[in-house]
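> Structure incoming, see below.
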Amino acid sequence: MKEQSVQPNILGTEKIGKLLAKFAIPGIISMVVNSLYNIIDQIFIGQGVGYLGNGATSVVFPLTMFAMSLAFLLGDGAASFISLRLGEGDENAAARGMASGILGIIASGLIVGTIYVIFIEPLCGLFGATKQIMPYARDYGLITSIGLPFLSVAAGFSSIIRADGSPKFNMAGLLTGCVLNLIFDPLFIFVFGWGVKGAALATIIGQIVNAIMNLVYVSKFTKTVKLTKASFSGWIKMLPRIMRLGVSSFITQFSLVVAIATRNNVLVSYGAESKYGSEIPVTTLGITMKVFSILTSIVMGLGSGAQPIFGYNYGSRRFDRVKKTFRYTVGIATGVMVVAFLVAQLQPMAVISIFGSDSDLYNEFAIKCMRIYLMLIPLVGIQMISGVFFQSTGYPLQSSLISLSKQIIFQLPATLIIPIFMGVEGALWAGPVSDIMAVSMTVFLLAFYWKKIFKLDEQPKLNSIQ
C-alpha cells in the first residue's frame, strides 16, 4: 500500500515546475506524436501522390477525430476520476474508474470502426469529398477504419497511463508507433507504389504496436491503483460518472468534427465559384488545420500533464498549488502560440512547402489560409487550459461550454455566414472571428467562477460526480 501512495504524495508536495516537467513534457510529446500520425501521411502523400491525395486525408481526418473524441471522452474522464479519487484517498474507486475506462475505450473503437467500414463512401461524401477526391478518400478511409480499434486504445489509454504515474511509458508507446509510421510511409508509397493505401497501412501498423504496448501496461504494470477482477464489476454502470468528467475532451474533439464537415462543404461550394476551384481550398485549409492540430496538441499535452496536478491538489484542498499550476500552464501555452503566430505570418510558405506544392494558384490560397486562419491563435492558449482546469476541478459543464464556444457556438455560424459576403475566403476569416469571441467567453467564466471554485464550504459538491 505504501508503494501505491508514492505518486499521489509527489503530486501534493513536489514543486509545480518540476511536476509540470515530469508530466507535461511527456504529455506534450505524446499528443504531438499522436497528431503526427496523420500529418506524416499528408507530407508523404503530398510528395508522392499529389494534392488530391492530400485532399483525401483532409476528408478522412474528421472521421478519425470522431473516433478519438470517444476515446478521449472515456480516457480523460477516467484519468480525472482516478486523480480526484486518489486525492481523496479512495483507491478502490480509482481502480473501478480505470477498469471502466479501459473497457469503454475498447468497445467504442470496435463499434465505430465497424460502422466506418460499412459506410465509408457516404461518410467521405458527407465530409466534403468531391468526385476527384473520392477514390483516394475511399481507399485511405477504408484501411484507417480497420485500424480504429487500435487507435482508440492507443489514444484513450494514454490519459489513464499518465494518471497512473507513467507519462514516460505513454510517450514511449506513441513514439514507437510514430517511428514505425515514418519508416513504412516512404517505403509503401515510393518503393511499393501503393499510394494512399500504403500511407493508411503504415499508419495502422504504428497504431497496432502502440495499442499492444498500452494493453500490456494496464494488464501488468499499473502503479497507483491495483486492478483486480472486482474492479471490472459493474463497469457499464460506472461509465456515466467517467463520461461526465471527460465530456469536455469529447466536445473539444467532436466540435472539430462538426466544424471540419461544415467548413469542407462550404469550401467545396464557394470554391467552385472562385478561380481556385473546389479541391484547392479543401486541401490547403486542411493542411492549415493539420498544422493547427500540432499547436493545439502541444497545449492539450500541457493541459493533460497539468490535469493530475489540478485534480489531486483540488481533491486534497491544496488550492494554492492549483492556482499556481493554472498560471504556469496558461503562460507556457500562450508563449507557444505566439511563436506559431510569428511563423505563420512571416514564413507561411516554409510550412506549406513541406506538404508539397502544385501551382501558383495553389500556393496563393495556401498562404492566405495560413495567415488568415491563424491570425489570433495567441488567444487560444488560455481557452484550452481553462477547459482542462474546469474539468479537473469538477466543473464539467463550464468546461464543456468553453470547449463548445470556439468550434460550435461561434465558428460554425461564422463559417456559414461570412462566406455569403466574402466568398470562399470568408471561411478563413471565421477562424479569427471565433477565436476572439471564444476567449471573451472563457475570461468571463473564469471571472465568474474563480472564487466559487476555491471556497472550502462548497467542496462537498465533489460527491455529485462520484
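So you can find residues: chains in the C-alpha cells are A, B, ... in the order shown, residues in each start at 1, and ligands are numbered from 1 in order.
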Skipping near chain neighbours, those fewer than 6 positions away, what residues fall within 9 Å of Gly12 of chain A using only C-alpha atoms, listed as a list in words?
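Returned residues: Gly87, Ile309, Tyr312, Asn313, Ser316, Arg318 and Arg321 of chain A.
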> Leaving out Met68 of chain A and any residue of its chain fewer than 3 positions from it, which residues lie within 12 Å of it when counting only C-alpha atoms, given as an mmCIF file with C-alpha atoms, in the first residue's frame?

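Contents of selection-v7.cif, as written:
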```cif
data_model
loop_
_atom_site.group_PDB
_atom_site.id
_atom_site.type_symbol
_atom_site.label_atom_id
_atom_site.label_comp_id
_atom_site.auth_asym_id
_atom_site.auth_seq_id
_atom_site.Cartn_x
_atom_site.Cartn_y
_atom_site.Cartn_z
ATOM 1 C CA MET A 31 -0.042 14.493 -28.014
ATOM 2 C CA ASN A 34 -0.436 11.349 -31.830
ATOM 3 C CA SER A 35 -1.312 14.195 -34.197
ATOM 4 C CA PHE A 61 -9.379 13.412 -40.839
ATOM 5 C CA PRO A 62 -12.692 14.327 -39.131
ATOM 6 C CA LEU A 63 -13.717 10.654 -39.169
ATOM 7 C CA THR A 64 -10.553 9.859 -37.260
ATOM 8 C CA MET A 65 -11.196 12.792 -34.935
ATOM 9 C CA ALA A 71 -11.556 7.584 -26.760
ATOM 10 C CA PHE A 72 -10.768 10.895 -25.029
ATOM 11 C CA LEU A 73 -14.261 11.044 -23.508
ATOM 12 C CA LEU A 74 -13.537 7.793 -21.696
ATOM 13 C CA GLY A 75 -9.774 8.085 -21.273
ATOM 14 C CA ASP A 76 -9.629 11.671 -19.996
ATOM 15 C CA ILE A 105 -12.473 2.605 -24.865
ATOM 16 C CA ILE A 106 -12.123 -0.860 -26.392
ATOM 17 C CA SER A 108 -16.087 2.332 -28.630
ATOM 18 C CA GLY A 109 -13.242 1.565 -31.055
ATOM 19 C CA VAL A 112 -17.087 2.957 -34.598
ATOM 20 C CA GLY A 113 -14.588 1.039 -36.735
ATOM 21 C CA SER A 145 -11.211 2.455 -40.342
ATOM 22 C CA LEU A 148 -9.710 2.356 -35.448
ATOM 23 C CA PRO A 149 -9.985 -0.109 -32.521
ATOM 24 C CA PHE A 150 -6.198 0.106 -32.168
ATOM 25 C CA LEU A 151 -6.232 3.904 -32.486
ATOM 26 C CA SER A 152 -8.825 4.090 -29.704
ATOM 27 C CA VAL A 153 -6.679 2.014 -27.363
ATOM 28 C CA ALA A 154 -3.537 3.949 -28.305
ATOM 29 C CA ALA A 155 -5.162 7.350 -27.756
ATOM 30 C CA GLY A 156 -7.649 6.628 -24.970
ATOM 31 C CA PHE A 157 -5.298 4.645 -22.723
ATOM 32 C CA SER A 158 -2.751 7.484 -22.874
ATOM 33 C CA SER A 249 -12.406 16.478 -24.029
ATOM 34 C CA PHE A 250 -15.104 14.809 -26.110
ATOM 35 C CA ILE A 251 -16.741 18.098 -27.033
ATOM 36 C CA THR A 252 -13.365 19.620 -27.921
ATOM 37 C CA GLN A 253 -12.732 16.830 -30.421
ATOM 38 C CA PHE A 254 -16.299 16.358 -31.618
ATOM 39 C CA LEU A 256 -13.798 19.865 -34.550
ATOM 40 C CA VAL A 257 -15.568 17.093 -36.468
#
```
> Give me the residues of segment 10-58 of chain A that have any atom at most 9 Å from an atom of segment 334-357 of chain A; for each, the nearest atom pair and the distance in Å, rounded to one decimal. Use only C-alpha atoms, sort by chain and number, and format it as a Markdown table.

```
| residue | atom | partner | partner_atom | distance |
| --- | --- | --- | --- | --- |
| A:Ile39 | CA | A:Phe355 | CA | 8.9 |
| A:Gln42 | CA | A:Phe355 | CA | 6.5 |
| A:Ile43 | CA | A:Phe355 | CA | 4.5 |
| A:Phe44 | CA | A:Phe355 | CA | 7.4 |
| A:Ile45 | CA | A:Phe355 | CA | 8.0 |
| A:Gly46 | CA | A:Gly356 | CA | 4.9 |
| A:Gln47 | CA | A:Gly356 | CA | 5.3 |
| A:Gly48 | CA | A:Gly356 | CA | 8.9 |
| A:Gly50 | CA | A:Gly356 | CA | 7.4 |
| A:Tyr51 | CA | A:Gly356 | CA | 7.5 |
| A:Asn54 | CA | A:Phe355 | CA | 8.3 |
```
> Give me the residues near Phe127 of chain A as a list in words, where near means some atom within 10 Å (using only C-alpha atoms) and where sequence neighbours in that chain fewer than 5 positions away do not count.
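Here the answer would be Ser58, Val59, Val60, Phe61, Pro62, Leu63, Pro122, Val257, Val258, Ile260, Ala261, Thr262, Arg263, Asn264 and Asn265 of chain A.
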> Expressed in Å to a single decimal, how great is the separation between atom CA of Asp185 of chain A and atom CA of Ala199 of chain A?
5.2 Å
> Please provide as a list of chain:residue names all residues within 12 Å of Ser274 of chain A, with the sequence filter that same-chain residues fewer than 2 positions apart are discarded (counting only C-alpha atoms).
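Counting only the stated atoms, we get A:Leu267, A:Val268, A:Ser269, A:Tyr270, A:Gly271, A:Ala272, A:Tyr276, A:Gly277, A:Ser278, A:Glu279, A:Ile280, A:Pro281, A:Leu361, A:Phe365, A:Pro419, A:Met422, A:Gly423, A:Val424, A:Glu425.
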> From the set A:Val225, A:Val266, A:Leu19, A:Ile382, which residue has the shortest atom-to-atom contact distance to Gly426 of chain A, counting only C-alpha atoms?
A:Val266
> Using only C-alpha atoms, which residues sit within 9 Å of Lys22 of chain A once same-chain residues fewer than 3 positions away are excluded, as a PyMOL selection string?
chain A and resi 17-19+25-27+167-168+305
> Just to confirm, what's the straight-line distance from atom CA of Phe292 of chain A to atom CA of Cys178 of chain A in Å (one decimal)?
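We find that atom CA of Phe292 of chain A and atom CA of Cys178 of chain A lie 18.6 Å from each other.
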